[in-house]
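Student: Input structure: entry-v4.pdb, which contains PDB, C-alpha atoms and all ligand atoms.
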ATOM      1  CA  MET A   1      -1.395-230.773 -48.389
ATOM      2  CA  ALA A   2      -5.093-231.434 -47.879
ATOM      3  CA  ILE A   3      -4.602-234.545 -45.709
ATOM      4  CA  ASP A   4      -2.278-232.752 -43.272
ATOM      5  CA  GLU A   5      -4.697-229.863 -43.104
ATOM      6  CA  LEU A   6      -7.569-232.212 -42.331
ATOM      7  CA  LYS A   7      -5.550-233.835 -39.536
ATOM      8  CA  GLN A   8      -4.759-230.417 -38.074
ATOM      9  CA  GLN A   9      -8.397-229.401 -38.163
ATOM     10  CA  ILE A  10      -9.621-232.520 -36.399
ATOM     11  CA  PRO A  11      -7.857-233.092 -33.079
ATOM     12  CA  LEU A  12      -7.806-236.821 -32.391
ATOM     13  CA  LEU A  13      -9.101-236.327 -28.860
ATOM     14  CA  ASP A  14     -12.143-234.329 -30.062
ATOM     15  CA  TYR A  15     -12.977-237.047 -32.531
ATOM     16  CA  LEU A  16     -12.600-239.782 -29.925
ATOM     17  CA  GLN A  17     -14.743-237.936 -27.418
ATOM     18  CA  ALA A  18     -17.420-237.355 -30.049
ATOM     19  CA  HIS A  19     -17.490-241.127 -30.375
ATOM     20  CA  ASP A  20     -18.000-241.578 -26.634
ATOM     21  CA  TRP A  21     -14.418-242.332 -25.677
ATOM     22  CA  GLN A  22     -13.562-241.457 -22.110
ATOM     23  CA  GLN A  23     -10.180-241.327 -20.499
ATOM     24  CA  ALA A  24      -9.679-243.516 -17.441
ATOM     25  CA  ARG A  25      -6.688-241.577 -16.184
ATOM     26  CA  PRO A  26      -4.023-239.153 -17.331
ATOM     27  CA  ILE A  27      -0.451-240.432 -17.447
ATOM     28  CA  SER A  28       2.870-238.682 -17.913
ATOM     29  CA  PHE A  29       3.580-236.050 -20.592
ATOM     30  CA  GLY A  30      -0.109-235.117 -20.940
ATOM     31  CA  ARG A  31      -1.017-238.480 -22.376
ATOM     32  CA  LEU A  32      -4.313-240.216 -21.580
ATOM     33  CA  LEU A  33      -5.272-243.814 -21.050
ATOM     34  CA  GLY A  34      -8.717-245.361 -21.485
ATOM     35  CA  LEU A  35     -10.610-248.374 -22.747
ATOM     36  CA  CYS A  36      -9.910-249.274 -26.366
ATOM     37  CA  PRO A  37     -12.851-248.515 -28.695
ATOM     38  CA  LEU A  38     -11.429-250.965 -31.249
ATOM     39  CA  HIS A  39     -11.521-254.188 -29.284
ATOM     40  CA  ALA A  40     -13.353-255.607 -26.248
ATOM     41  CA  ASP A  41     -11.163-254.018 -23.626
ATOM     42  CA  HIS A  42     -11.539-254.616 -19.896
ATOM     43  CA  LYS A  43      -8.610-252.729 -18.487
ATOM     44  CA  PRO A  44      -7.568-249.410 -20.020
ATOM     45  CA  SER A  45      -4.994-250.139 -22.727
ATOM     46  CA  PHE A  46      -5.702-247.371 -25.245
ATOM     47  CA  LEU A  47      -3.126-244.604 -25.090
ATOM     48  CA  VAL A  48      -3.804-241.166 -26.579
ATOM     49  CA  ASP A  49      -1.248-238.429 -27.065
ATOM     50  CA  PRO A  50      -3.297-235.253 -27.667
ATOM     51  CA  ASN A  51      -0.180-233.228 -28.483
ATOM     52  CA  LYS A  52       1.032-235.542 -31.201
ATOM     53  CA  ASN A  53      -2.535-236.547 -32.206
ATOM     54  CA  LEU A  54      -1.615-240.210 -32.087
ATOM     55  CA  PHE A  55      -3.053-243.278 -30.401
ATOM     56  CA  TYR A  56      -1.724-246.716 -29.570
ATOM     57  CA  CYS A  57      -3.446-249.725 -28.028
ATOM     58  CA  TYR A  58      -1.393-252.129 -25.897
ATOM     59  CA  GLY A  59      -4.202-254.652 -26.178
ATOM     60  CA  CYS A  60      -4.805-255.012 -29.911
ATOM     61  CA  GLY A  61      -1.514-253.469 -30.989
ATOM     62  CA  ARG A  62      -3.081-250.939 -33.310
ATOM     63  CA  GLY A  63      -2.178-247.291 -33.501
ATOM     64  CA  GLY A  64      -1.881-244.233 -35.700
ATOM     65  CA  ASP A  65      -3.486-240.876 -36.411
ATOM     66  CA  VAL A  66      -7.093-239.730 -36.614
ATOM     67  CA  ILE A  67      -7.492-241.076 -40.156
ATOM     68  CA  ARG A  68      -6.190-244.484 -39.113
ATOM     69  CA  PHE A  69      -8.594-244.415 -36.184
ATOM     70  CA  ALA A  70     -11.538-243.593 -38.478
ATOM     71  CA  GLU A  71     -10.525-246.453 -40.804
ATOM     72  CA  LEU A  72     -10.468-248.971 -37.954
ATOM     73  CA  TYR A  73     -13.470-247.633 -36.075
ATOM     74  CA  HIS A  74     -15.807-247.401 -39.059
ATOM     75  CA  GLN A  75     -14.191-250.364 -40.816
ATOM     76  CA  VAL A  76     -13.594-248.481 -44.058
ATOM     77  CA  ARG A  77     -10.618-247.872 -46.350
ATOM     78  CA  PHE A  78      -8.440-244.758 -46.334
ATOM     79  CA  PRO A  79     -10.371-242.644 -48.925
ATOM     80  CA  GLN A  80     -13.683-243.343 -47.192
ATOM     81  CA  ALA A  81     -12.163-242.520 -43.821
ATOM     82  CA  VAL A  82     -10.954-239.181 -45.202
ATOM     83  CA  ALA A  83     -14.411-238.514 -46.649
ATOM     84  CA  LEU A  84     -16.062-239.353 -43.308
ATOM     85  CA  LEU A  85     -13.729-236.990 -41.468
ATOM     86  CA  HIS A  86     -14.344-234.167 -43.960
ATOM     87  CA  GLN A  87     -18.017-234.703 -43.527
ATOM     88  CA  TRP A  88     -17.763-234.855 -39.730
ATOM     89  CA  ARG A  89     -15.979-231.504 -39.692
ATOM     90  CA  GLY A  90     -18.099-229.499 -42.132
ATOM     91  CA  LEU A  91     -21.480-231.103 -41.970
ATOM     92  CA  PRO A  92     -23.055-230.009 -38.662
ATOM     93  CA  PRO A  93     -23.450-226.285 -39.510
ATOM     94  CA  LEU A  94     -24.776-227.088 -42.969
ATOM     95  CA  LEU A  95     -27.281-229.672 -41.755
ATOM     96  CA  HIS A  96     -28.363-227.353 -38.983
ATOM     97  CA  GLU A  97     -29.108-224.674 -41.568
ATOM     98  CA  ALA A  98     -31.000-227.123 -43.798
ATOM     99  CA  ALA A  99     -33.025-228.488 -40.868
ATOM    100  CA  GLY A 100     -33.929-224.921 -39.850
ATOM    101  CA  PHE A 101     -35.176-224.234 -43.345
ATOM    102  CA  TYR A 102     -37.266-227.404 -43.407
ATOM    103  CA  ARG A 103     -38.800-226.544 -40.047
ATOM    104  CA  MET A 104     -39.936-223.172 -41.393
ATOM    105  CA  GLN A 105     -41.667-224.972 -44.266
ATOM    106  CA  LEU A 106     -43.649-227.412 -42.139
ATOM    107  CA  HIS A 107     -46.527-225.164 -41.182
ATOM    108  CA  ARG A 108     -46.695-223.599 -44.634
ATOM    109  CA  HIS A 109     -47.627-226.929 -46.154
ATOM    110  CA  SER A 110     -50.905-228.415 -45.015
ATOM    111  CA  GLU A 111     -50.163-231.749 -46.739
ATOM    112  CA  ALA A 112     -47.195-232.211 -44.384
ATOM    113  CA  VAL A 113     -49.177-231.365 -41.263
ATOM    114  CA  ALA A 114     -51.978-233.666 -42.429
ATOM    115  CA  TYR A 115     -49.487-236.487 -42.988
ATOM    116  CA  LEU A 116     -48.035-236.071 -39.494
ATOM    117  CA  TYR A 117     -51.527-236.029 -38.039
ATOM    118  CA  GLN A 118     -52.374-239.255 -39.818
ATOM    119  CA  ARG A 119     -49.188-240.853 -38.426
ATOM    120  CA  GLY A 120     -50.233-239.788 -34.951
ATOM    121  CA  VAL A 121     -47.797-236.883 -34.583
ATOM    122  CA  ARG A 122     -50.148-234.326 -33.119
ATOM    123  CA  SER A 123     -48.670-232.472 -30.191
ATOM    124  CA  PRO A 124     -46.729-229.261 -30.866
ATOM    125  CA  GLU A 125     -44.335-230.288 -28.058
ATOM    126  CA  LEU A 126     -43.460-233.449 -29.951
ATOM    127  CA  ILE A 127     -42.873-231.587 -33.230
ATOM    128  CA  GLU A 128     -40.681-229.153 -31.316
ATOM    129  CA  HIS A 129     -38.856-231.925 -29.439
ATOM    130  CA  MET A 130     -38.084-233.862 -32.630
ATOM    131  CA  ARG A 131     -37.481-230.662 -34.642
ATOM    132  CA  ILE A 132     -39.609-232.059 -37.453
ATOM    133  CA  GLY A 133     -39.578-230.208 -40.755
ATOM    134  CA  TYR A 134     -40.834-230.549 -44.296
ATOM    135  CA  ALA A 135     -38.982-230.587 -47.608
ATOM    136  CA  PRO A 136     -41.412-229.355 -50.260
ATOM    137  CA  GLY A 137     -38.646-229.670 -52.861
ATOM    138  CA  GLY A 138     -37.243-227.061 -55.182
ATOM    139  CA  CYS A 139     -36.177-224.321 -52.765
ATOM    140  CA  LEU A 140     -33.503-225.530 -50.335
ATOM    141  CA  ARG A 141     -30.692-225.036 -52.818
ATOM    142  CA  GLY A 142     -31.602-221.382 -53.376
ATOM    143  CA  TRP A 143     -31.893-220.756 -49.644
ATOM    144  CA  LEU A 144     -28.507-222.267 -48.803
ATOM    145  CA  THR A 145     -26.565-220.748 -51.707
ATOM    146  CA  GLN A 146     -27.830-217.375 -50.516
ATOM    147  CA  PHE A 147     -25.890-218.085 -47.289
ATOM    148  CA  GLY A 148     -22.767-218.674 -49.327
ATOM    149  CA  TYR A 149     -22.714-222.468 -49.360
ATOM    150  CA  PRO A 150     -21.174-223.508 -52.690
ATOM    151  CA  LEU A 151     -23.250-225.857 -54.822
ATOM    152  CA  GLN A 152     -20.406-228.376 -54.651
ATOM    153  CA  THR A 153     -20.713-228.549 -50.841
ATOM    154  CA  LEU A 154     -24.461-229.096 -51.045
ATOM    155  CA  ARG A 155     -23.899-231.894 -53.545
ATOM    156  CA  GLN A 156     -21.251-233.532 -51.361
ATOM    157  CA  ALA A 157     -23.592-233.445 -48.380
ATOM    158  CA  GLY A 158     -26.246-235.045 -50.571
ATOM    159  CA  LEU A 159     -28.747-232.211 -50.039
ATOM    160  CA  VAL A 160     -28.726-231.435 -53.751
ATOM    161  CA  THR A 161     -28.587-234.019 -56.548
ATOM    162  CA  GLY A 162     -25.931-234.206 -59.255
ATOM    163  CA  SER A 163     -28.272-232.357 -61.611
ATOM    164  CA  GLY A 164     -28.798-229.576 -59.070
ATOM    165  CA  TYR A 165     -32.238-230.353 -57.668
ATOM    166  CA  ASP A 166     -33.160-230.665 -54.003
ATOM    167  CA  THR A 167     -32.699-234.305 -53.012
ATOM    168  CA  TYR A 168     -35.592-234.330 -50.551
ATOM    169  CA  THR A 169     -38.937-233.575 -52.163
ATOM    170  CA  HIS A 170     -42.296-234.034 -50.434
ATOM    171  CA  ARG A 171     -40.610-235.535 -47.411
ATOM    172  CA  VAL A 172     -41.087-235.006 -43.721
ATOM    173  CA  VAL A 173     -37.610-234.421 -42.340
ATOM    174  CA  PHE A 174     -36.164-235.413 -38.967
ATOM    175  CA  PRO A 175     -32.729-234.057 -38.022
ATOM    176  CA  LEU A 176     -30.382-236.755 -36.741
ATOM    177  CA  GLU A 177     -26.883-236.517 -35.372
ATOM    178  CA  GLY A 178     -24.902-235.882 -38.592
ATOM    179  CA  ASN A 179     -27.704-236.737 -40.997
ATOM    180  CA  LEU A 180     -31.278-235.943 -41.979
ATOM    181  CA  TYR A 181     -33.924-238.630 -42.328
ATOM    182  CA  GLY A 182     -36.619-237.968 -44.918
ATOM    183  CA  ARG A 183     -39.947-239.827 -44.933
ATOM    184  CA  SER A 184     -41.785-239.633 -48.235
ATOM    185  CA  LEU A 185     -45.396-238.470 -48.305
ATOM    186  CA  SER A 186     -45.858-240.035 -51.681
ATOM    187  CA  ALA A 187     -46.298-243.782 -52.078
ATOM    188  CA  ALA A 188     -44.510-243.559 -55.434
ATOM    189  CA  ALA A 189     -41.118-242.674 -53.900
ATOM    190  CA  PRO A 190     -38.953-244.869 -51.660
ATOM    191  CA  PRO A 191     -40.358-244.301 -48.157
ATOM    192  CA  HIS A 192     -37.114-243.966 -46.174
ATOM    193  CA  ARG A 193     -34.114-241.886 -47.139
ATOM    194  CA  PHE A 194     -30.962-240.762 -45.425
ATOM    195  CA  LEU A 195     -28.288-238.462 -46.735
ATOM    196  CA  PRO A 196     -25.024-240.224 -47.621
ATOM    197  CA  GLY A 197     -22.894-241.102 -44.608
ATOM    198  CA  ALA A 198     -23.573-242.743 -41.287
ATOM    199  CA  LYS A 199     -27.071-242.645 -39.791
ATOM    200  CA  GLY A 200     -25.384-241.562 -36.565
ATOM    201  CA  GLY A 201     -25.926-242.735 -33.017
ATOM    202  CA  LEU A 202     -29.129-243.671 -31.232
ATOM    203  CA  TYR A 203     -31.869-241.089 -31.559
ATOM    204  CA  SER A 204     -32.065-238.488 -28.789
ATOM    205  CA  TRP A 205     -29.588-240.551 -26.781
ATOM    206  CA  GLU A 206     -28.603-237.766 -24.408
ATOM    207  CA  GLN A 207     -32.119-237.770 -23.020
ATOM    208  CA  ALA A 208     -32.759-241.518 -23.098
ATOM    209  CA  ARG A 209     -29.442-242.567 -21.540
ATOM    210  CA  GLN A 210     -30.388-241.081 -18.182
ATOM    211  CA  TYR A 211     -32.952-243.817 -17.629
ATOM    212  CA  PRO A 212     -32.015-247.213 -16.171
ATOM    213  CA  GLU A 213     -34.687-248.804 -18.389
ATOM    214  CA  ILE A 214     -34.813-247.971 -22.077
ATOM    215  CA  ILE A 215     -37.282-248.806 -24.844
ATOM    216  CA  LEU A 216     -35.591-249.342 -28.217
ATOM    217  CA  VAL A 217     -37.683-248.997 -31.376
ATOM    218  CA  GLU A 218     -36.721-249.242 -35.053
ATOM    219  CA  GLY A 219     -38.573-246.275 -36.560
ATOM    220  CA  LEU A 220     -38.868-242.578 -35.777
ATOM    221  CA  PHE A 221     -42.669-242.697 -35.945
ATOM    222  CA  ASP A 222     -42.562-245.434 -33.299
ATOM    223  CA  TYR A 223     -40.369-243.148 -31.238
ATOM    224  CA  ALA A 224     -42.849-240.301 -31.775
ATOM    225  CA  ALA A 225     -45.867-242.344 -30.692
ATOM    226  CA  LEU A 226     -44.185-243.520 -27.497
ATOM    227  CA  TRP A 227     -42.774-240.125 -26.616
ATOM    228  CA  GLN A 228     -46.176-238.555 -27.111
ATOM    229  CA  ALA A 229     -47.748-241.200 -24.883
ATOM    230  CA  GLY A 230     -45.392-240.128 -22.114
ATOM    231  CA  PHE A 231     -42.608-242.720 -22.522
ATOM    232  CA  HIS A 232     -39.562-240.467 -22.607
ATOM    233  CA  ASN A 233     -37.147-243.327 -21.905
ATOM    234  CA  VAL A 234     -37.333-244.272 -25.591
ATOM    235  CA  THR A 235     -34.664-244.276 -28.291
ATOM    236  CA  CYS A 236     -34.547-245.356 -31.915
ATOM    237  CA  SER A 237     -31.951-247.212 -33.993
ATOM    238  CA  MET A 238     -33.488-246.222 -37.363
ATOM    239  CA  GLY A 239     -33.641-249.742 -38.728
ATOM    240  CA  THR A 240     -33.291-253.133 -37.079
ATOM    241  CA  HIS A 241     -29.511-253.151 -37.485
ATOM    242  CA  LEU A 242     -27.497-251.251 -34.889
ATOM    243  CA  ASN A 243     -24.205-249.775 -36.068
ATOM    244  CA  VAL A 244     -21.062-250.061 -33.935
ATOM    245  CA  HIS A 245     -21.591-246.620 -32.432
ATOM    246  CA  GLN A 246     -25.216-247.313 -31.464
ATOM    247  CA  HIS A 247     -24.321-250.670 -29.988
ATOM    248  CA  ARG A 248     -21.619-249.091 -27.875
ATOM    249  CA  GLN A 249     -23.995-246.373 -26.667
ATOM    250  CA  LEU A 250     -26.626-248.870 -25.596
ATOM    251  CA  CYS A 251     -24.038-250.890 -23.662
ATOM    252  CA  ASP A 252     -22.275-247.947 -22.016
ATOM    253  CA  ARG A 253     -23.573-249.125 -18.661
ATOM    254  CA  MET A 254     -25.748-251.886 -17.238
ATOM    255  CA  ARG A 255     -29.361-251.238 -18.043
ATOM    256  CA  THR A 256     -32.624-252.898 -18.984
ATOM    257  CA  VAL A 257     -33.433-252.657 -22.689
ATOM    258  CA  TYR A 258     -36.981-253.263 -23.908
ATOM    259  CA  LEU A 259     -36.869-254.208 -27.585
ATOM    260  CA  ALA A 260     -40.054-253.088 -29.334
ATOM    261  CA  PHE A 261     -39.462-253.810 -33.017
ATOM    262  CA  ASP A 262     -42.203-254.300 -35.585
ATOM    263  CA  ALA A 263     -44.227-257.469 -35.344
ATOM    264  CA  ASP A 264     -43.980-257.978 -39.144
ATOM    265  CA  THR A 265     -46.093-260.730 -40.539
ATOM    266  CA  ASN A 266     -42.992-262.153 -42.290
ATOM    267  CA  GLY A 267     -41.089-262.354 -39.029
ATOM    268  CA  SER A 268     -38.038-260.335 -40.131
ATOM    269  CA  GLY A 269     -38.453-257.852 -37.297
ATOM    270  CA  GLN A 270     -38.620-260.651 -34.726
ATOM    271  CA  GLN A 271     -35.522-262.297 -36.189
ATOM    272  CA  ALA A 272     -33.530-259.083 -36.012
ATOM    273  CA  GLU A 273     -34.816-258.565 -32.507
ATOM    274  CA  GLN A 274     -33.771-262.026 -31.416
ATOM    275  CA  SER A 275     -30.223-261.733 -32.699
ATOM    276  CA  LEU A 276     -29.875-258.273 -31.163
ATOM    277  CA  ALA A 277     -31.193-259.610 -27.861
ATOM    278  CA  CYS A 278     -28.466-262.281 -27.924
ATOM    279  CA  ARG A 279     -25.722-259.780 -28.574
ATOM    280  CA  LEU A 280     -26.935-257.472 -25.824
ATOM    281  CA  LYS A 281     -27.183-260.305 -23.316
ATOM    282  CA  GLN A 282     -23.617-261.291 -24.111
ATOM    283  CA  GLN A 283     -22.661-257.757 -23.081
ATOM    284  CA  GLY A 284     -24.407-258.319 -19.768
ATOM    285  CA  MET A 285     -27.530-256.282 -20.559
ATOM    286  CA  ASN A 286     -30.907-257.107 -19.125
ATOM    287  CA  VAL A 287     -33.037-257.577 -22.267
ATOM    288  CA  ARG A 288     -36.826-257.826 -22.554
ATOM    289  CA  ARG A 289     -38.732-258.407 -25.799
ATOM    290  CA  VAL A 290     -42.035-256.576 -26.059
ATOM    291  CA  LEU A 291     -44.695-258.632 -27.822
ATOM    292  CA  LEU A 292     -46.936-256.372 -29.882
ATOM    293  CA  PRO A 293     -50.200-257.609 -31.362
ATOM    294  CA  ASP A 294     -49.666-259.288 -34.766
ATOM    295  CA  GLY A 295     -48.833-256.937 -37.609
ATOM    296  CA  HIS A 296     -48.374-253.944 -35.337
ATOM    297  CA  ASP A 297     -45.452-251.680 -34.644
ATOM    298  CA  PRO A 298     -45.402-249.315 -31.668
ATOM    299  CA  ASN A 299     -46.734-246.503 -33.868
ATOM    300  CA  SER A 300     -49.712-248.418 -35.218
ATOM    301  CA  PHE A 301     -50.386-249.816 -31.749
ATOM    302  CA  PHE A 302     -51.246-246.300 -30.614
ATOM    303  CA  VAL A 303     -52.478-244.722 -33.851
ATOM    304  CA  GLU A 304     -54.504-247.482 -35.520
ATOM    305  CA  GLY A 305     -54.885-250.037 -32.761
ATOM    306  CA  GLY A 306     -56.314-247.560 -30.288
ATOM    307  CA  GLY A 307     -53.735-248.503 -27.666
ATOM    308  CA  ASP A 308     -52.988-246.144 -24.813
ATOM    309  CA  ALA A 309     -50.109-245.637 -22.398
ATOM    310  CA  ARG A 310     -51.600-247.940 -19.791
ATOM    311  CA  GLN A 311     -51.991-250.779 -22.310
ATOM    312  CA  PHE A 312     -48.420-250.316 -23.507
ATOM    313  CA  GLN A 313     -47.256-250.395 -19.904
ATOM    314  CA  VAL A 314     -48.988-253.786 -19.593
ATOM    315  CA  LEU A 315     -46.987-255.002 -22.644
ATOM    316  CA  LEU A 316     -43.772-253.770 -21.028
ATOM    317  CA  GLU A 317     -44.535-255.633 -17.833
ATOM    318  CA  ALA A 318     -45.354-258.795 -19.793
ATOM    319  CA  ALA A 319     -42.191-258.516 -21.946
ATOM    320  CA  LEU A 320     -40.193-261.746 -22.256
ATOM    321  CA  PRO A 321     -36.620-262.067 -21.047
TER     322      PRO A 321
HETATM  323 ZN    ZN B 401      -7.323-252.186 -28.738
END
What does the file become when written as structure tokens?
Ligand SMILES: [Zn+2]

Tutor:
Amino acid sequence: MAIDELKQQIPLLDYLQAHDWQQARPISFGRLLGLCPLHADHKPSFLVDPNKNLFYCYGCGRGGDVIRFAELYHQVRFPQAVALLHQWRGLPPLLHEAAGFYRMQLHRHSEAVAYLYQRGVRSPELIEHMRIGYAPGGCLRGWLTQFGYPLQTLRQAGLVTGSGYDTYTHRVVFPLEGNLYGRSLSAAAPPHRFLPGAKGGLYSWEQARQYPEIILVEGLFDYAALWQAGFHNVTCSMGTHLNVHQHRQLCDRMRTVYLAFDADTNGSGQQAEQSLACRLKQQGMNVRRVLLPDGHDPNSFFVEGGGDARQFQVLLEAALP
């Protein structure tokens, strides 16, 4: 049966570890104990049996298999949990292939390079670091089917529409963990798009997490501008709302978090920033809010506002608790 097969293909421990779970100590019969990812746990009460692929929490009393875990962790119902697990298992190689294709297209399309230039993305190191590509539209499907990916799989991943066309057309593409973000070049199309499924964790977290002080921005072009200016302790939540996974990543140890969201004229960025700051402080984080000049985001601060690294450093030092 398909469900049993899925459970066999996804060891519970692998899935937990991919979601940042760490064992505190092994106990008898090969079982492991660690903090519970499902409730605010202070002493390890989450028991994992990797042989039986089952978990149980002595704190919140919940337990079950990998599907049950996905339901509770992502707060979804059974069919969605199964879909998420299917996607988690099969998606990485497919997205990797698609991202590789988009990267090959970037330098063949001057409109894409010109767009990046205009958004301040100019250094080849940055393009390489972010693995930026371009979706011209109308040729990804052919490329991937040639590698044997069935059309159905491409549709499920959201790379191809129901009517068989490439989903991303005239979009600059940034590979994420388990997704691809596409930024439209054309003002006529919705600017931001993700493939179906979770937007994943914090952007480039493995690099950023090494720093005791982290700058959090809401957009990938903000990330790009800061990285290019030499701030490599930057990460991005792709929107002002952090999902459970991103929140957990940010709070995985005590650190200082500089929030540098957009200074929208309508104040929505500041509001989101304020409520996030509260939540992070409750977790014991040291939070600073970076005040950008009115109407600016970190990208426009550098690209349109003529700001430089030294001036941004001044903003960091002046950031409010
Ligand atoms: Zn628990």

Student: Can you spell out as a list of chain:residue names the set of residues that the PyMOL selection byres (((chain A and resi 131) around 9) and not hetatm) selects in the structure I just provided?

Tutor: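 Output from the PyMOL selection byres (((chain A and resi 131) around 9) and not hetatm), applied to this file: A:Ala99, A:Gly100, A:Arg103, A:Leu126, A:Ile127, A:Glu128, A:His129, A:Met130, A:Ile132, A:Gly133, A:Val173, A:Phe174, A:Pro175.
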
Student: With all atoms listed in the file counted, collect every polymer residue having an atom within 7 Å of ligand ZN 401 (chain B); state the result as a PyMOL selection string.

Tutor: chain A and resi 36-39+41+45-46+57-62

Student: On this file, the PyMOL selection byres (((chain A and resi 86) around 12) and not hetatm) gives some set of residues; write that set as a PyMOL selection string.

Tutor: chain A and resi 2-3+5-10+15+66-67+70+79-85+87-92+153+156-157+178+197

Student: Just the selected residues (C-alpha atoms), exported as a JSON list (two decimals), keeping the file's coordinate frame, please.

Tutor:
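Below is the file that was written, selection-v2.json:
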[["chain", "number", "residue", "atom", "x", "y", "z"],
["A", 2, "ALA", "CA", -5.09, -231.43, -47.88],
["A", 3, "ILE", "CA", -4.60, -234.54, -45.71],
["A", 5, "GLU", "CA", -4.70, -229.86, -43.10],
["A", 6, "LEU", "CA", -7.57, -232.21, -42.33],
["A", 7, "LYS", "CA", -5.55, -233.84, -39.54],
["A", 8, "GLN", "CA", -4.76, -230.42, -38.07],
["A", 9, "GLN", "CA", -8.40, -229.40, -38.16],
["A", 10, "ILE", "CA", -9.62, -232.52, -36.40],
["A", 15, "TYR", "CA", -12.98, -237.05, -32.53],
["A", 66, "VAL", "CA", -7.09, -239.73, -36.61],
["A", 67, "ILE", "CA", -7.49, -241.08, -40.16],
["A", 70, "ALA", "CA", -11.54, -243.59, -38.48],
["A", 79, "PRO", "CA", -10.37, -242.64, -48.92],
["A", 80, "GLN", "CA", -13.68, -243.34, -47.19],
["A", 81, "ALA", "CA", -12.16, -242.52, -43.82],
["A", 82, "VAL", "CA", -10.95, -239.18, -45.20],
["A", 83, "ALA", "CA", -14.41, -238.51, -46.65],
["A", 84, "LEU", "CA", -16.06, -239.35, -43.31],
["A", 85, "LEU", "CA", -13.73, -236.99, -41.47],
["A", 87, "GLN", "CA", -18.02, -234.70, -43.53],
["A", 88, "TRP", "CA", -17.76, -234.86, -39.73],
["A", 89, "ARG", "CA", -15.98, -231.50, -39.69],
["A", 90, "GLY", "CA", -18.10, -229.50, -42.13],
["A", 91, "LEU", "CA", -21.48, -231.10, -41.97],
["A", 92, "PRO", "CA", -23.06, -230.01, -38.66],
["A", 153, "THR", "CA", -20.71, -228.55, -50.84],
["A", 156, "GLN", "CA", -21.25, -233.53, -51.36],
["A", 157, "ALA", "CA", -23.59, -233.44, -48.38],
["A", 178, "GLY", "CA", -24.90, -235.88, -38.59],
["A", 197, "GLY", "CA", -22.89, -241.10, -44.61]]

Student: List, as an NGL selection string, every residue that the PyMOL selection byres (((chain A and resi 282-295) around 10) and not hetatm) selects in the file provided.

Tutor: :A and (213-216 or 248 or 250-267 or 270 or 273-274 or 276-281 or 296-298 or 300-301 or 305 or 312 or 314-321)

Student: In Å, with one decimal, what is the gap from CA of Glu97 in chain A to CA of Leu116 in chain A?

Tutor: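 Distance reported for this atom pair: 22.2 Å.
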
Student: Is there a way to get, as an mmCIF file with C-alpha atoms, in the coordinates of the input, all residues within 7 Å of the point (-34.0, -242.6, -45.5) in file coordinates, counting all atoms listed in the file?

Tutor:
data_model
loop_
_atom_site.group_PDB
_atom_site.id
_atom_site.type_symbol
_atom_site.label_atom_id
_atom_site.label_comp_id
_atom_site.auth_asym_id
_atom_site.auth_seq_id
_atom_site.Cartn_x
_atom_site.Cartn_y
_atom_site.Cartn_z
ATOM 1 C CA TYR A 181 -33.924 -238.630 -42.328
ATOM 2 C CA GLY A 182 -36.619 -237.968 -44.918
ATOM 3 C CA ARG A 183 -39.947 -239.827 -44.933
ATOM 4 C CA HIS A 192 -37.114 -243.966 -46.174
ATOM 5 C CA ARG A 193 -34.114 -241.886 -47.139
ATOM 6 C CA PHE A 194 -30.962 -240.762 -45.425
#

Student: Within 6 Å of (-35.9, -242.6, -24.4), all atoms listed in the file: residues as a ChimeraX atom specification?

Tutor: /A:208,214,232-235

Student: When you count all atoms listed in the file, which of these residues is closest to Asn179 in chain A: A:His19, A:His42, A:Arg119, A:Lys199?

Tutor: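 Among A:His19, A:His42, A:Arg119, A:Lys199, it is A:Lys199 that comes nearest to Asn179 in chain A.
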
Student: What is the CA of Leu195 in chain A-CA of Asn243 in chain A distance in Å, reported with one decimal?

Tutor: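 So the two atoms, CA of Leu195 in chain A and CA of Asn243 in chain A, lie 16.1 Å apart.
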
Student: Smallest atom-to-atom distance to Gly201 in chain A: which of A:His96, A:Arg68, A:Arg108, A:His241, using only C-alpha atoms?

Tutor: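 When distances to Gly201 in chain A are compared using only C-alpha atoms, the smallest one comes from A:His241.
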
Student: Would you mind telling me which residue in A:Asp222, A:Val48, A:Leu159, A:His107 lies nearest to Pro124 in chain A when using only C-alpha atoms?

Tutor: A:His107

Student: Of the candidates A:Ile27, A:Tyr73, A:Ala272, A:Asp4, which one gets nearest to Asn53 in chain A if we count only C-alpha atoms?

Tutor: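 For Asn53 in chain A, the nearest of the candidates is A:Asp4.
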
Student: Suppose you want the space between CA of Trp21 in chain A and CA of His74 in chain A; what is it in Å?

Tutor: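 Separation between CA of Trp21 in chain A and CA of His74 in chain A: 14.4 Å.
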
Student: Considering all atoms listed in the file, state which residue in the set A:Ala198, A:Leu95, A:Val303, A:Val160 is at the smallest distance from Gly137 in chain A.

Tutor: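 Checking each of A:Ala198, A:Leu95, A:Val303, A:Val160 against Gly137 in chain A, counting all atoms listed in the file, the winner is A:Val160.
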